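Trainee: Can you keep this structure in mind? I'll have questions shortly.
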Amino acid sequence: MDRRIGIIGTGSMGSMLIRSFIRGGAAVPRQISAANRTPEARIAIAAETGIQEAANNRALAANADIIILCVRQPDVVPVMQEITEQLTSNKLLISVASDVPVSELEAHTPARVVRVIPSVTSEQLKGVSLIVFSEDTAPADREKVLSLFGAIGTPVVITESEMEAYTTLTSCAPAFFAAMVREFAAAATRMTGIPSNEAEHLARETFIGTGALLEVPHTSSADLISRVATPGGITEVGVHVISRDFPAVCDELFTATARKHASFRNGPSEE
Ligand SMILES: NC(=O)c1ccc[n+]([C@@H]2O[C@H](COP(=O)([O-])OP(=O)(O)OC[C@H]3O[C@@H](n4cnc5c(N)ncnc54)[C@H](OP(=O)(O)O)[C@@H]3O)[C@@H](O)[C@H]2O)c1
């Protein structure tokens with residue numbers, strides 16, 4: 001029998017996963033149930049997708065085989081404590097919260113635990129989900145988690161110590177890429193006078209087209225650069241500017257995000 005999936009927290013991530021699991025064929029609506037602190041978001045996603053609604057977290061956890069915690073970091077342990085009686089060793093708990101390591105999840109439950117950091121790109125069944133398995137997850141658990149997240153993108157199994165840097169590279173990156181498109185378009189407006197709406201539209205369309213080109217198997221970013229930037233041409237001058245000045249921006253980005261992770265790990269005094 002297909003395992004029953006319970007989602008706690010129907011905010012941005014929880015709702016995205018519900019839609020994507022259904023769209024990607026990982027689960028059918030009747031297999032999925034959801035609970036949320038305030039009922040409105042739960043009612044809305046149930047009406048949209050046809051999933052089951054659970055009256056509260058305990059009822060949800062009692063009736064699910066796989067419980068996916070989609071609450072923010074400070075809410076993870078309180079929710080685990082709330083469902084402690086239902087979170088028995090035969091359950092599989094998946095947490096998507098940033099900065100809550102597997103060891104902390106394990107400390108609060110006998111259930112087998114898995115940490116997953118998905119990406120909003122899974123809404124389009126693309127992108128990467130980062131996965132850290134606890135040592136006591138069975139092969140069947142691992143297979144199930146890989147198949148769930150394989151249906152909505154590319155699952156990549158990593159270690160806990162790799163998680164922070166990999167999160168910056170994948171889960172945070174859609175915001176970085178969107179910010180780059182915004183700045184690129186804004187520069188076009190500042191420097192050339194192209195109206196901002198038009199600049200944003202043209203940059204966006206080109207970014208989407210570039211993504212599609214990069215999807216062609218065996219196409220690396222270096223391949224694409226050499227295809228567009230003919231030696232001695234205009235594009236090559238622009239690529240040179242990026243190669244000269246952009247590494248420092250990216251280095252600073254990784255430094256800043258690592259510092260923020262450390263502040264979550266060690267408390268606000270580290271910031
Ligand atoms: N956004 C991303 O791209 C992304 C990617 C990977 C991982 N994450 C991580 O995923 C986690 C969730 O992020 P999010 O963007 O989905 O946050 P969010 O939109 O704020 O959603 C959190 C949800 O949890 C619900 N909730 C809070 N306490 C609860 C409780 N005691 N019982 C039941 N439901 C409860 C909230 O209910 P209310 O409706 O009452 O507020 C809300 O719907 C965060 O740790 C985030 O870092 C996010």
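Every chain in the structure tokens has a letter given in the order shown (A, B, ...), and although residue numbers restart at 1 in each chain, ligands are simply numbered from 1 in the order shown.
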Given only C-alpha atoms and all ligand atoms, how would the per-residue table for chain A near ligand 1 read, listing every residue at most 7 Å away with its closest atom pair and distance in Å to one decimal, sorted by chain and number, as CSV?
Mentor:
residue,atom,partner,partner_atom_place_in_ligand_line,distance
A:Ile8,CA,ligand 1,33 (C),5.4
A:Gly9,CA,ligand 1,24 (O),3.7
A:Thr10,CA,ligand 1,43 (O),4.3
A:Gly11,CA,ligand 1,21 (O),3.4
A:Ser12,CA,ligand 1,16 (O),3.7
A:Met13,CA,ligand 1,16 (O),3.6
A:Gly14,CA,ligand 1,16 (O),5.6
A:Ala35,CA,ligand 1,33 (C),5.9
A:Asn36,CA,ligand 1,34 (N),3.7
A:Arg37,CA,ligand 1,33 (C),3.8
A:Thr38,CA,ligand 1,40 (O),4.1
A:Ala41,CA,ligand 1,39 (O),5.8
A:Asn57,CA,ligand 1,32 (N),6.2
A:Cys70,CA,ligand 1,12 (C),4.9
A:Val71,CA,ligand 1,24 (O),3.8
A:Arg72,CA,ligand 1,45 (O),3.6
A:Gln73,CA,ligand 1,45 (O),4.6
A:Asp75,CA,ligand 1,28 (N),5.3
A:Pro78,CA,ligand 1,31 (N),6.8
A:Val79,CA,ligand 1,31 (N),5.2
A:Val96,CA,ligand 1,10 (O),5.0
A:Ala97,CA,ligand 1,45 (O),3.3
A:Ser98,CA,ligand 1,47 (O),4.2
A:Ile117,CA,ligand 1,6 (C),4.6
A:Pro118,CA,ligand 1,6 (C),4.7
A:Ser119,CA,ligand 1,5 (C),4.9
A:Val120,CA,ligand 1,3 (O),5.0
A:Ser171,CA,ligand 1,5 (C),5.4
A:Cys172,CA,ligand 1,3 (O),6.5
Trainee: Select from stretch 90-221 of chain A everything DSSP, run on the backbone, classes as alpha helix (DSSP H), then give the selection as a ChimeraX atom specification.
Mentor: /A:102-107,139-150,163-169,173-192,196-215,221
Trainee: Which of these residues is nearest to A:Met180, using only C-alpha atoms: A:Pro231, A:Phe246, A:Ile131, A:Arg142?
Mentor: A:Phe246
Trainee: Show me, as a list in words, the residues that have an atom within 12 Å of A:Ala59 when counting only C-alpha atoms, minus same-chain residues fewer than 2 positions from it.
Mentor: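 Once the nearby chain positions are removed, what remains is Gly6, Ile7, Ile8, Ser33, Ala34, Ala35, Asn36, Gln52, Glu53, Ala54, Ala55, Asn56, Asn57, Ala61, Ala62, Asn63, Ala64, Ile67, Glu82, Ile83, Thr84, Glu85, Gln86 and Leu87 of chain A.
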Trainee: Excluding A:Glu160 and any residue of its chain fewer than 6 positions from it, enumerate the residues within 9 Å of it, using only C-alpha atoms, and give them as a compact mmCIF listing (two decimals) with C-alpha atoms, in the first residue's frame.
Mentor:
# COMPACT_ATOMS: atom_id res chain seq x y z
CA PRO A 101 20.41 19.37 11.88
CA VAL A 102 19.52 15.70 11.82
CA ARG A 115 16.44 16.38 6.45
CA ILE A 131 18.92 15.26 1.40
CA VAL A 132 20.65 14.17 4.62
CA PHE A 133 19.58 10.74 5.90
Trainee: Please provide as a ChimeraX atom specification all residues within 12 Å of A:Gly150, with the sequence filter that same-chain residues fewer than 3 positions apart are discarded (counting only C-alpha atoms).
Mentor: /A:20-21,24-26,118,122,125-131,142-147,153-157
Trainee: Within 12 Å of stretch 225-230 of chain A, counting only C-alpha atoms, which residues show up once you throw out same-chain ones fewer than 3 positions away? Write them as a PyMOL selection string, please.
Mentor: chain A and resi 210+213-214+219-222+233-240+242-243
Trainee: Would you write out those residues with N, CA and C atoms, as a PDB file, in the first residue's frame?
Mentor:
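The resulting selection_8.pdb:
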ATOM      1  N   THR A 210      18.068  31.088 -21.866  1.00  0.00           N
ATOM      2  CA  THR A 210      19.413  30.595 -21.520  1.00  0.00           C
ATOM      3  C   THR A 210      19.300  29.318 -20.687  1.00  0.00           C
ATOM      4  N   LEU A 213      18.572  26.467 -22.933  1.00  0.00           N
ATOM      5  CA  LEU A 213      19.778  26.025 -23.660  1.00  0.00           C
ATOM      6  C   LEU A 213      20.682  25.186 -22.756  1.00  0.00           C
ATOM      7  N   LEU A 214      20.780  25.593 -21.491  1.00  0.00           N
ATOM      8  CA  LEU A 214      21.633  24.849 -20.551  1.00  0.00           C
ATOM      9  C   LEU A 214      21.054  23.481 -20.199  1.00  0.00           C
ATOM     10  N   THR A 219      25.616  20.338 -22.241  1.00  0.00           N
ATOM     11  CA  THR A 219      25.936  21.752 -22.495  1.00  0.00           C
ATOM     12  C   THR A 219      26.406  22.369 -21.182  1.00  0.00           C
ATOM     13  N   SER A 220      27.656  22.779 -21.143  1.00  0.00           N
ATOM     14  CA  SER A 220      28.162  23.428 -19.929  1.00  0.00           C
ATOM     15  C   SER A 220      28.017  24.938 -20.074  1.00  0.00           C
ATOM     16  N   SER A 221      28.161  25.655 -18.960  1.00  0.00           N
ATOM     17  CA  SER A 221      28.099  27.114 -19.066  1.00  0.00           C
ATOM     18  C   SER A 221      29.256  27.622 -19.933  1.00  0.00           C
ATOM     19  N   ALA A 222      30.416  26.962 -19.849  1.00  0.00           N
ATOM     20  CA  ALA A 222      31.557  27.377 -20.693  1.00  0.00           C
ATOM     21  C   ALA A 222      31.217  27.206 -22.180  1.00  0.00           C
ATOM     22  N   GLY A 233      34.912  39.940 -30.128  1.00  0.00           N
ATOM     23  CA  GLY A 233      33.607  40.585 -30.329  1.00  0.00           C
ATOM     24  C   GLY A 233      33.120  41.360 -29.112  1.00  0.00           C
ATOM     25  N   ILE A 234      31.890  41.858 -29.251  1.00  0.00           N
ATOM     26  CA  ILE A 234      31.325  42.726 -28.204  1.00  0.00           C
ATOM     27  C   ILE A 234      30.967  41.915 -26.946  1.00  0.00           C
ATOM     28  N   THR A 235      30.357  40.752 -27.147  1.00  0.00           N
ATOM     29  CA  THR A 235      29.953  39.943 -25.982  1.00  0.00           C
ATOM     30  C   THR A 235      31.167  39.579 -25.140  1.00  0.00           C
ATOM     31  N   GLU A 236      32.268  39.292 -25.830  1.00  0.00           N
ATOM     32  CA  GLU A 236      33.475  38.875 -25.097  1.00  0.00           C
ATOM     33  C   GLU A 236      33.932  39.964 -24.108  1.00  0.00           C
ATOM     34  N   VAL A 237      33.746  41.228 -24.517  1.00  0.00           N
ATOM     35  CA  VAL A 237      34.115  42.334 -23.624  1.00  0.00           C
ATOM     36  C   VAL A 237      33.267  42.285 -22.356  1.00  0.00           C
ATOM     37  N   GLY A 238      31.965  42.009 -22.530  1.00  0.00           N
ATOM     38  CA  GLY A 238      31.073  41.923 -21.369  1.00  0.00           C
ATOM     39  C   GLY A 238      31.420  40.733 -20.479  1.00  0.00           C
ATOM     40  N   VAL A 239      31.737  39.594 -21.106  1.00  0.00           N
ATOM     41  CA  VAL A 239      32.114  38.405 -20.325  1.00  0.00           C
ATOM     42  C   VAL A 239      33.382  38.703 -19.524  1.00  0.00           C
ATOM     43  N   HIS A 240      34.291  39.462 -20.139  1.00  0.00           N
ATOM     44  CA  HIS A 240      35.532  39.813 -19.444  1.00  0.00           C
ATOM     45  C   HIS A 240      35.226  40.640 -18.177  1.00  0.00           C
ATOM     46  N   ILE A 242      32.515  40.554 -16.401  1.00  0.00           N
ATOM     47  CA  ILE A 242      31.952  39.638 -15.385  1.00  0.00           C
ATOM     48  C   ILE A 242      33.060  38.802 -14.751  1.00  0.00           C
ATOM     49  N   SER A 243      33.952  38.263 -15.586  1.00  0.00           N
ATOM     50  CA  SER A 243      35.035  37.410 -15.048  1.00  0.00           C
ATOM     51  C   SER A 243      35.954  38.210 -14.122  1.00  0.00           C
TER      52      SER A 243
END
Trainee: In Å, how far is it from atom CA of A:Phe264 to atom CA of A:Phe177?
Mentor: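 Calculated distance between atom CA of A:Phe264 and atom CA of A:Phe177 is 24.0 Å.
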Trainee: Would you pick out the contacts of A:Ile66 at 8 Å or less, using only C-alpha atoms, so that residues sharing its chain but fewer than 5 positions from it are not included, and give the list as a ChimeraX atom specification?
Mentor: /A:3-6,91-94
Trainee: Output N, CA and C atoms for every residue in that selection, as a PDB file, in the first residue's frame.
Mentor:
ATOM      1  N   ARG A   3       2.373   4.690   0.983  1.00  0.00           N
ATOM      2  CA  ARG A   3       2.441   5.287   2.320  1.00  0.00           C
ATOM      3  C   ARG A   3       1.690   6.624   2.353  1.00  0.00           C
ATOM      4  N   ARG A   4       1.059   6.885   3.492  1.00  0.00           N
ATOM      5  CA  ARG A   4       0.282   8.126   3.638  1.00  0.00           C
ATOM      6  C   ARG A   4       1.226   9.259   4.050  1.00  0.00           C
ATOM      7  N   ILE A   5       1.069  10.378   3.354  1.00  0.00           N
ATOM      8  CA  ILE A   5       1.977  11.507   3.578  1.00  0.00           C
ATOM      9  C   ILE A   5       1.228  12.619   4.307  1.00  0.00           C
ATOM     10  N   GLY A   6       1.761  13.058   5.436  1.00  0.00           N
ATOM     11  CA  GLY A   6       1.142  14.160   6.181  1.00  0.00           C
ATOM     12  C   GLY A   6       2.064  15.368   6.177  1.00  0.00           C
ATOM     13  N   LYS A  91       7.413   5.576  12.208  1.00  0.00           N
ATOM     14  CA  LYS A  91       7.136   6.724  11.322  1.00  0.00           C
ATOM     15  C   LYS A  91       8.433   7.272  10.741  1.00  0.00           C
ATOM     16  N   LEU A  92       8.275   7.902   9.589  1.00  0.00           N
ATOM     17  CA  LEU A  92       9.411   8.571   8.949  1.00  0.00           C
ATOM     18  C   LEU A  92       9.143  10.076   9.002  1.00  0.00           C
ATOM     19  N   LEU A  93      10.058  10.812   9.592  1.00  0.00           N
ATOM     20  CA  LEU A  93       9.884  12.265   9.708  1.00  0.00           C
ATOM     21  C   LEU A  93      10.856  12.967   8.760  1.00  0.00           C
ATOM     22  N   ILE A  94      10.311  13.822   7.911  1.00  0.00           N
ATOM     23  CA  ILE A  94      11.156  14.620   7.014  1.00  0.00           C
ATOM     24  C   ILE A  94      11.007  16.078   7.433  1.00  0.00           C
TER      25      ILE A  94
END
Trainee: Quick check for you: according to DSSP on this backbone, which residues of stretch 30-130 of chain A are classed as strand (DSSP E or B)? Reply as a ChimeraX atom specification.
Mentor: /A:32-35,52-53,66-69,92-95,112-117,128-130
Trainee: Print the selection's residues with N, CA, C and O atoms to a file, as a PDB file, in the first residue's frame.
Mentor:
ATOM      1  N   ILE A  32      -2.435  12.313   0.550  1.00  0.00           N
ATOM      2  CA  ILE A  32      -1.806  13.432   1.254  1.00  0.00           C
ATOM      3  C   ILE A  32      -2.809  14.095   2.188  1.00  0.00           C
ATOM      4  O   ILE A  32      -3.950  14.352   1.812  1.00  0.00           O
ATOM      5  N   SER A  33      -2.350  14.399   3.408  1.00  0.00           N
ATOM      6  CA  SER A  33      -3.168  15.221   4.298  1.00  0.00           C
ATOM      7  C   SER A  33      -2.302  16.367   4.812  1.00  0.00           C
ATOM      8  O   SER A  33      -1.069  16.284   4.772  1.00  0.00           O
ATOM      9  N   ALA A  34      -2.969  17.431   5.269  1.00  0.00           N
ATOM     10  CA  ALA A  34      -2.213  18.596   5.721  1.00  0.00           C
ATOM     11  C   ALA A  34      -2.842  19.211   6.955  1.00  0.00           C
ATOM     12  O   ALA A  34      -4.063  19.186   7.124  1.00  0.00           O
ATOM     13  N   ALA A  35      -1.978  19.755   7.814  1.00  0.00           N
ATOM     14  CA  ALA A  35      -2.427  20.531   8.979  1.00  0.00           C
ATOM     15  C   ALA A  35      -1.652  21.842   8.976  1.00  0.00           C
ATOM     16  O   ALA A  35      -0.530  21.905   8.457  1.00  0.00           O
ATOM     17  N   GLN A  52      -6.540  15.736   1.743  1.00  0.00           N
ATOM     18  CA  GLN A  52      -7.327  15.637   2.975  1.00  0.00           C
ATOM     19  C   GLN A  52      -6.873  16.725   3.955  1.00  0.00           C
ATOM     20  O   GLN A  52      -5.692  17.070   3.981  1.00  0.00           O
ATOM     21  N   GLU A  53      -7.829  17.201   4.762  1.00  0.00           N
ATOM     22  CA  GLU A  53      -7.472  18.157   5.815  1.00  0.00           C
ATOM     23  C   GLU A  53      -7.434  17.439   7.161  1.00  0.00           C
ATOM     24  O   GLU A  53      -8.319  16.639   7.450  1.00  0.00           O
ATOM     25  N   ILE A  66       4.458   8.976   6.624  1.00  0.00           N
ATOM     26  CA  ILE A  66       5.567   9.906   6.411  1.00  0.00           C
ATOM     27  C   ILE A  66       5.063  11.290   6.810  1.00  0.00           C
ATOM     28  O   ILE A  66       4.060  11.772   6.272  1.00  0.00           O
ATOM     29  N   ILE A  67       5.750  11.933   7.750  1.00  0.00           N
ATOM     30  CA  ILE A  67       5.327  13.266   8.198  1.00  0.00           C
ATOM     31  C   ILE A  67       6.365  14.269   7.709  1.00  0.00           C
ATOM     32  O   ILE A  67       7.558  14.124   8.011  1.00  0.00           O
ATOM     33  N   ILE A  68       5.905  15.248   6.950  1.00  0.00           N
ATOM     34  CA  ILE A  68       6.842  16.253   6.433  1.00  0.00           C
ATOM     35  C   ILE A  68       6.593  17.560   7.189  1.00  0.00           C
ATOM     36  O   ILE A  68       5.521  18.158   7.069  1.00  0.00           O
ATOM     37  N   LEU A  69       7.609  17.962   7.943  1.00  0.00           N
ATOM     38  CA  LEU A  69       7.499  19.193   8.749  1.00  0.00           C
ATOM     39  C   LEU A  69       7.918  20.372   7.895  1.00  0.00           C
ATOM     40  O   LEU A  69       9.098  20.505   7.544  1.00  0.00           O
ATOM     41  N   LEU A  92       8.275   7.902   9.589  1.00  0.00           N
ATOM     42  CA  LEU A  92       9.411   8.571   8.949  1.00  0.00           C
ATOM     43  C   LEU A  92       9.143  10.076   9.002  1.00  0.00           C
ATOM     44  O   LEU A  92       8.093  10.530   8.543  1.00  0.00           O
ATOM     45  N   LEU A  93      10.058  10.812   9.592  1.00  0.00           N
ATOM     46  CA  LEU A  93       9.884  12.265   9.708  1.00  0.00           C
ATOM     47  C   LEU A  93      10.856  12.967   8.760  1.00  0.00           C
ATOM     48  O   LEU A  93      12.063  12.734   8.812  1.00  0.00           O
ATOM     49  N   ILE A  94      10.311  13.822   7.911  1.00  0.00           N
ATOM     50  CA  ILE A  94      11.156  14.620   7.014  1.00  0.00           C
ATOM     51  C   ILE A  94      11.007  16.078   7.433  1.00  0.00           C
ATOM     52  O   ILE A  94       9.891  16.589   7.498  1.00  0.00           O
ATOM     53  N   SER A  95      12.118  16.732   7.719  1.00  0.00           N
ATOM     54  CA  SER A  95      12.052  18.162   8.055  1.00  0.00           C
ATOM     55  C   SER A  95      12.685  18.964   6.930  1.00  0.00           C
ATOM     56  O   SER A  95      13.769  18.626   6.455  1.00  0.00           O
ATOM     57  N   ARG A 112      12.391   7.554  12.484  1.00  0.00           N
ATOM     58  CA  ARG A 112      13.559   7.745  11.599  1.00  0.00           C
ATOM     59  C   ARG A 112      13.461   9.129  10.992  1.00  0.00           C
ATOM     60  O   ARG A 112      12.356   9.558  10.608  1.00  0.00           O
ATOM     61  N   VAL A 113      14.571   9.850  10.924  1.00  0.00           N
ATOM     62  CA  VAL A 113      14.484  11.235  10.456  1.00  0.00           C
ATOM     63  C   VAL A 113      15.346  11.474   9.215  1.00  0.00           C
ATOM     64  O   VAL A 113      16.381  10.841   9.016  1.00  0.00           O
ATOM     65  N   VAL A 114      14.850  12.401   8.413  1.00  0.00           N
ATOM     66  CA  VAL A 114      15.533  12.811   7.180  1.00  0.00           C
ATOM     67  C   VAL A 114      15.419  14.326   7.093  1.00  0.00           C
ATOM     68  O   VAL A 114      14.387  14.888   7.451  1.00  0.00           O
ATOM     69  N   ARG A 115      16.482  14.933   6.659  1.00  0.00           N
ATOM     70  CA  ARG A 115      16.441  16.379   6.449  1.00  0.00           C
ATOM     71  C   ARG A 115      16.478  16.634   4.950  1.00  0.00           C
ATOM     72  O   ARG A 115      17.342  16.080   4.251  1.00  0.00           O
ATOM     73  N   VAL A 116      15.553  17.457   4.472  1.00  0.00           N
ATOM     74  CA  VAL A 116      15.536  17.789   3.043  1.00  0.00           C
ATOM     75  C   VAL A 116      15.475  19.301   2.899  1.00  0.00           C
ATOM     76  O   VAL A 116      14.692  19.965   3.584  1.00  0.00           O
ATOM     77  N   ILE A 117      16.322  19.835   2.052  1.00  0.00           N
ATOM     78  CA  ILE A 117      16.186  21.256   1.703  1.00  0.00           C
ATOM     79  C   ILE A 117      15.769  21.317   0.231  1.00  0.00           C
ATOM     80  O   ILE A 117      16.571  21.122  -0.681  1.00  0.00           O
ATOM     81  N   VAL A 128      17.054  21.188  -7.534  1.00  0.00           N
ATOM     82  CA  VAL A 128      17.706  20.208  -6.666  1.00  0.00           C
ATOM     83  C   VAL A 128      17.050  20.189  -5.282  1.00  0.00           C
ATOM     84  O   VAL A 128      16.732  21.242  -4.734  1.00  0.00           O
ATOM     85  N   SER A 129      16.851  18.988  -4.734  1.00  0.00           N
ATOM     86  CA  SER A 129      16.498  18.840  -3.318  1.00  0.00           C
ATOM     87  C   SER A 129      17.685  18.199  -2.618  1.00  0.00           C
ATOM     88  O   SER A 129      18.144  17.121  -3.028  1.00  0.00           O
ATOM     89  N   LEU A 130      18.191  18.852  -1.581  1.00  0.00           N
ATOM     90  CA  LEU A 130      19.325  18.314  -0.821  1.00  0.00           C
ATOM     91  C   LEU A 130      18.797  17.407   0.276  1.00  0.00           C
ATOM     92  O   LEU A 130      17.831  17.764   0.967  1.00  0.00           O
TER      93      LEU A 130
END
Trainee: Go through A:Glu200, A:Glu252, A:Asn266, A:Ala175 one by one, measure the shortest atom-to-atom distance of each to A:Ala187 using only C-alpha atoms, and give the residue with the smallest value.
Mentor: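 The shortest atom-to-atom distance to A:Ala187 comes from A:Glu200.
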